[in-house]
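Engineer: Before we start, here is the structure in question, set down as structure tokens.
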Amino acid sequence: MAIKSILVIEDDRFIGEMYVRSLQRAGYDVDWMVDGSDGAVAARNKPYDLIMLDIMLPEKRGSEILAELRGDNKDLIPHTRVIVLTNFEQDDESRLAMEHNVDAYLIKAEITPRKLLETIQELDKLPPLGSEQQ
Amino acid sequence: MDCRRANIWRESIVVGVPDEAQKREQELKVRDYWPRTRKRALLLTIGMELILTIVASLALLLAGFEYNSVEFLFVVVAIIAASLGVNIVLMNILLSPLKDLSDALTHVSGEPSDVVAPNSTSPARRIDGLEPLLELIYGLSSQRGVSALSTDSEQENILKRALDQIDGGFMICDEHGKIVYASENAPVKEAQDESKELKLIFDTDLPFDDWLAQCREKEVKSQRTWLRVPDGLVGDPDRKIYDVIASYEKGSTAPVVISTYNRSADYQPEDDQLDFISFAAHELRGPVTVIRGYLDVFREELENPTIDARETSALLSRLIVSANRLSGYITNILNASRYDRRHLKMNLHEHTLAQVYAMIADDMGMRASTQNRLLTVSLPSDLPTVAVDPSSLSEVFSNLIDNAIKYSNEGGTVSVGASVDGDFVKVSVLDHGIGMPGNVVSNLFHKFYRSHRSRETVAGTGIGLYISKAIVEAHGGVIEVKSEEGKGSVFSFSVPIYASVADKLAASDNSNQAIIRKGSEGWIKNHAKFRG
């Protein structure tokens with residue numbers, strides 16, 4: 001199943017616009033949420049093919065959103081791929097727990113819009129995480 | 001508990017000096033009371049029986065019975081049998097409460113014996129009214145500790161008190177790691193079934209539980225040390241960091257002993273430094289992400305143009321803002337380092353605040369407009385000139401305005417104003433953002449401090465305000481904040497009016513070095529010299 005619809009949850013205006021702009025230019029259908037609570041609601045209400053999730057978000061952290069959507073024994077978004085995009089690198093429990101539930105964990109400063117598009121195309125060739133678990 | 005007591009009792013007899021042991025053997029024990037009383041009662045009964053028989057025989061003889069007749073013998077034997085039976089039954093009934101009391105006392109004394117503690121709530125005890133007496137004995141003994149009569153309890157109490165005072169903890173567990181004793185400061189928490197469990201996060205290949213399982217399987221005696229074991233996650237204000245030593249001995253009465261040493265004071269500063277590096281990296285990466293990303297966008301535009309000049313200019317200003325922000329962060333980090341090493345140097349000269357702000361006005365305006373905030377700056381031209389180091393003071397402006405933008409809402413207003421306040425000019429930066437609670441405000445100017453909210457949602461290095469405070473104080477001014485949760489914050493700082501310090505500055509070569517002396521905590525500005 002090819003990736004078509006993408007939800008970007010990113011509070012930084014510059015970075016968010018940069019991603020949205022490049023993704024739209026490449027032909028994706030993109031929605032953008034700037035805070036964690038709105039992001040979590042949007043992710044539940046519409047079956048996106050891909051969610052790009054920031055960690056440091058106002059209202060609700062990215063890790064909390066992920067736990068809501070994809071906990072230990074549940075998966076509300078089995079057909080959605082999740083890319084965590086953050087500039088925060090820390091070996092804490094939440095990150096380790098998250099890594100089991102996401103398709104990619106990327107450092108924003110290392111991912112230019114061009115690299116992001118390449119990564120999405122790569123993901124497209126792999127089956128979604130949810131379908132493997134089922 | 002009773003078993004343990006019994007062992008100690010016997011040991012003390014065996015290992016004691018022989019004379020003393022004999023003496024102790026001869027001493028009366030609580031457990032001896034009942035056998036002695038029963039013996040006395042029996043002897044007394046038999047004695048009374050004999051007297052009764054003699055008296056009865058004499059009475060029969062006087063009544064005319066032949067002493068060798070069958071009737072006489074029959075009557076005497078009947079009297080003996082009947083009275084003996086009645087006496088023994090009576091004795092047992094009357095003495096049974098005494099036996100129970102004696103058994104209860106023997107039990108709580110901790111002396112070794114085979115007596116079973118009488119059950120105070122059985123129906124028989126209710127009938128004979130012994131229930132409250134037994135309850136009282138058990139109640140008193142539990143208040144004083146089961147071993148109330150033993151001198152060991154005193155030592156035990158002293159030991160417990162000493163363990164409770166240790167800044168760390170001492171715990172005893174059973175073979176399966178269940179905590180049976182924990183001193184007061186031990187890192188334990190209550191589990192769901194109200195038992196206690198270890199409150200430590202072992203970030204290692206062999207955490208405590210696995211180690212214990214391994215010990216149970218193949219060790220007789222073992223010890224292991226874990227260093228830097230926290231009891232909470234990063235960000236928890238009560239988080240402590242321990243060194244932990246656990247020892248295991250199969251079959252011992254205390255098979256697992258854990259001692260923890262609170263090393264937070266040693267480890268926390270190092271952790272803060274690591275934390276700082278991690279947060280600084282995050283902060284620096286923000287503008288780098290934008291710069292790299294938008295350069296990518298511009299390259300694409302060069303290959304395949306889709307935007308007009310106005311849009312190109314808007315994208316370009318984002319690049320400029322990000323580059324300036326990156327530069328600002330780096331300056332903050334370097335200045336904080338200089339300040340910590342007491343190398344932060346100010347050169348104070350006569351300027352107007354408008355001149356200082358002009359250095360960063362374009363940058364600030366762009367930061368506000370690109371992030372959809374309205375920035376209004378009002379620095380009246382009739383304000384007196386001030387004695388400032390312009391580049392340092394512009395960083396203070398920049399830090400405070402940047403914070404106001406960060407912690408306010410989209411479309412919000414950030415206002416900068418200034419007014420004369422005695423020998424100072426006071427500058428204020430006001431936002432209508434999320435505000436802060438009081439406990440956050442009091443910590444705000446500490447190095448590496450990030451508020452509970454900003455820790456979670458906005459990552460800063462926690463040095464912007466710290467260095468701003470250092471710069472303002474090096475000018476002889478003060479920096480302060482008033483904030484209300486949900487309504488916004490006002491940060492204000494003061495700098496001296498040039499005329500009020502001109503003489504002093506001329507005498508000290510316009511440098512702040514002369515007005516600063518070293519203190520134990522850092523350097524301390526000499527207000528007296530500055531203010532005259």
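Labels for the structure tokens follow display order: chains A, B, ..., residues from 1 in each chain, ligands from 1.
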May I ask you to extract the residues of chain B within 6 Å of chain A, using only C-alpha atoms, and to give them as a list in words?
Structural biologist: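 Residues passing the distance filter: His282, Arg285, Val288, Thr289, Val290, Gly293 and Thr457 of chain B.
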Engineer: So which residues of range 290-522 of chain B fall under strand (DSSP E or B) by DSSP, listed as a count of residues only?
Structural biologist: 49
Engineer: Extract, using only C-alpha atoms, all DNA, RNA and protein residues at most 12 Å from Val188 in chain B, discarding same-chain residues fewer than 5 positions from it, and format them as a short mmCIF file (atom, residue, chain, number, x, y, z; two decimals) with C-alpha atoms, in the first residue's frame.
Structural biologist:
data_model
loop_
_atom_site.label_atom_id
_atom_site.label_comp_id
_atom_site.auth_asym_id
_atom_site.auth_seq_id
_atom_site.Cartn_x
_atom_site.Cartn_y
_atom_site.Cartn_z
CA GLY B 168 20.66 5.89 52.32
CA GLY B 169 19.05 2.69 53.33
CA PHE B 170 19.35 -0.77 54.76
CA MET B 171 17.05 -3.58 53.73
CA ILE B 172 16.66 -7.27 54.47
CA CYS B 173 14.85 -9.50 51.98
CA LYS B 178 10.51 -9.81 49.31
CA ILE B 179 11.48 -7.01 51.67
CA VAL B 180 11.05 -8.00 55.32
CA TYR B 181 12.82 -5.00 56.82
CA ALA B 182 13.60 -1.55 55.41
CA SER B 183 15.11 1.37 57.30
CA GLU B 194 0.79 -3.24 50.58
CA SER B 195 4.11 -5.03 50.79
CA LYS B 196 7.26 -3.03 50.15
CA GLU B 197 9.28 -3.21 46.99
CA LEU B 198 12.55 -1.69 45.80
CA LYS B 199 12.18 1.74 44.19
CA LEU B 200 15.33 1.64 42.09
CA ILE B 201 15.87 1.74 38.35
CA ASP B 231 15.16 5.96 42.17
CA GLY B 232 13.28 8.06 39.62
CA ILE B 258 20.89 -4.56 50.59
CA SER B 259 22.56 -1.33 51.59
CA THR B 260 22.19 1.85 49.55
#
Engineer: Please list as a list in words every residue within 12 Å of Met91 in chain B, counting only C-alpha atoms and excluding residues in the same chain fewer than 6 positions away.
Structural biologist: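 With the cut-off at 12 Å, the set is Thr37, Arg38, Lys39, Arg40, Ala41, Leu42, Leu43, Leu44, Thr45, Ile46, Ser83, Leu84, Gly85, Pro97, Leu98 and Lys99 of chain B.
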Engineer: Would you output that residue set with C-alpha atoms, as a PDB file, in the first residue's frame?
Structural biologist:
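Once written, out_5.pdb looks like this:
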ATOM      1  CA  THR B  37       2.006 -24.261  91.885  1.00  0.00           C
ATOM      2  CA  ARG B  38       0.446 -27.455  90.575  1.00  0.00           C
ATOM      3  CA  LYS B  39       2.854 -29.542  92.660  1.00  0.00           C
ATOM      4  CA  ARG B  40       2.036 -27.527  95.775  1.00  0.00           C
ATOM      5  CA  ALA B  41      -1.694 -27.802  95.173  1.00  0.00           C
ATOM      6  CA  LEU B  42      -1.447 -31.582  94.736  1.00  0.00           C
ATOM      7  CA  LEU B  43       0.620 -32.022  97.904  1.00  0.00           C
ATOM      8  CA  LEU B  44      -1.819 -29.807  99.792  1.00  0.00           C
ATOM      9  CA  THR B  45      -4.796 -31.818  98.537  1.00  0.00           C
ATOM     10  CA  ILE B  46      -3.212 -35.132  99.528  1.00  0.00           C
ATOM     11  CA  SER B  83     -13.262 -36.596  98.463  1.00  0.00           C
ATOM     12  CA  LEU B  84     -10.085 -37.247  96.463  1.00  0.00           C
ATOM     13  CA  GLY B  85     -12.062 -37.253  93.219  1.00  0.00           C
ATOM     14  CA  PRO B  97      -7.327 -19.663  84.940  1.00  0.00           C
ATOM     15  CA  LEU B  98      -4.071 -19.530  86.879  1.00  0.00           C
ATOM     16  CA  LYS B  99      -2.556 -21.991  84.392  1.00  0.00           C
TER      17      LYS B  99
END
Engineer: Excluding Glu217 in chain B and its own-chain neighbours fewer than 3 positions away, which residues fall within 12 Å of it when counting only C-alpha atoms? Please give them as a ChimeraX atom specification.
Structural biologist: /B:175-176,210-214,220-222,248,250
Engineer: Let's have the selection written as a CSV table (one decimal), in the first residue's frame, with C-alpha atoms.
Structural biologist:
chain,number,residue,atom,x,y,z
B,175,GLU,CA,15.2,-15.6,49.3
B,176,HIS,CA,12.7,-14.3,46.7
B,210,ASP,CA,18.0,-11.2,37.9
B,211,TRP,CA,21.1,-11.3,40.1
B,212,LEU,CA,19.0,-12.7,42.9
B,213,ALA,CA,17.5,-15.3,40.7
B,214,GLN,CA,21.0,-16.3,39.6
B,220,VAL,CA,25.8,-20.1,48.3
B,221,LYS,CA,27.3,-16.7,49.1
B,222,SER,CA,27.6,-13.7,46.8
B,248,TYR,CA,23.3,-13.1,49.4
B,250,LYS,CA,21.7,-19.2,51.2
Engineer: Name the residues of range 47-98 of chain A that come out as alpha helix (DSSP H) in a backbone DSSP run; write them as an MDAnalysis selection string.
Structural biologist: chainID A and resid 62:69 93:98
Engineer: Export N, CA and C atoms of the chosen residues as a short mmCIF file (atom, residue, chain, number, x, y, z; two decimals), in the first residue's frame?
Structural biologist:
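Saved file out-v7.cif follows:
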data_model
loop_
_atom_site.label_atom_id
_atom_site.label_comp_id
_atom_site.auth_asym_id
_atom_site.auth_seq_id
_atom_site.Cartn_x
_atom_site.Cartn_y
_atom_site.Cartn_z
N GLY A 62 5.11 13.77 22.28
CA GLY A 62 5.02 12.77 21.22
C GLY A 62 4.95 11.36 21.77
N SER A 63 5.73 11.09 22.83
CA SER A 63 5.73 9.75 23.41
C SER A 63 4.36 9.42 24.01
N GLU A 64 3.69 10.43 24.56
CA GLU A 64 2.35 10.19 25.11
C GLU A 64 1.35 9.88 24.00
N ILE A 65 1.47 10.63 22.90
CA ILE A 65 0.57 10.38 21.76
C ILE A 65 0.74 8.95 21.27
N LEU A 66 2.01 8.54 21.17
CA LEU A 66 2.30 7.20 20.68
C LEU A 66 1.74 6.13 21.61
N ALA A 67 1.88 6.37 22.92
CA ALA A 67 1.36 5.40 23.89
C ALA A 67 -0.16 5.28 23.78
N GLU A 68 -0.83 6.40 23.46
CA GLU A 68 -2.28 6.37 23.29
C GLU A 68 -2.68 5.55 22.07
N LEU A 69 -1.90 5.73 21.02
CA LEU A 69 -2.26 5.10 19.75
C LEU A 69 -1.77 3.66 19.66
N GLU A 93 13.99 5.74 29.12
CA GLU A 93 13.09 4.61 28.92
C GLU A 93 12.08 4.87 27.83
N SER A 94 11.55 6.11 27.79
CA SER A 94 10.49 6.39 26.83
C SER A 94 10.98 6.21 25.40
N ARG A 95 12.24 6.58 25.18
CA ARG A 95 12.75 6.44 23.82
C ARG A 95 12.87 4.96 23.45
N LEU A 96 13.39 4.17 24.40
CA LEU A 96 13.55 2.74 24.13
C LEU A 96 12.19 2.10 23.87
N ALA A 97 11.21 2.48 24.71
CA ALA A 97 9.87 1.90 24.55
C ALA A 97 9.29 2.28 23.19
N MET A 98 9.58 3.54 22.78
CA MET A 98 9.04 4.05 21.55
C MET A 98 9.59 3.32 20.33
#
Engineer: Quick one: residues within 6 Å of range 103-105 of chain A, only C-alpha atoms counted, chain neighbours fewer than 3 positions away excluded, as a list in words?
Structural biologist: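 The neighbour list is Val82, Ile83 and Val84 of chain A.
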Engineer: So how many Å separate CA of Pro127 in chain A and CA of Ile77 in chain A, to one decimal?
Structural biologist: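 Separating CA of Pro127 in chain A from CA of Ile77 in chain A is a distance of 13.9 Å.
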Engineer: Which value, in Å to one decimal, gives the distance between CA of Leu316 in chain B and CA of Ile467 in chain B?
Structural biologist: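 Between these atoms lies a distance of 29.7 Å.
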Engineer: I'd like the interatomic distance between CA of Ser381 in chain B and CA of Ala506 in chain B, to a tenth of an Å.
Structural biologist: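 Computing the Euclidean distance for CA of Ser381 in chain B and CA of Ala506 in chain B yields 25.1 Å.
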Engineer: Skip range 261-266 of chain B itself and residues of its chain fewer than 4 positions away, then list as a PyMOL selection string all residues within 12 Å of it, counting only C-alpha atoms.
Structural biologist: chain B and resi 163+166-171+185-187+200+225-232+237-246+270-272
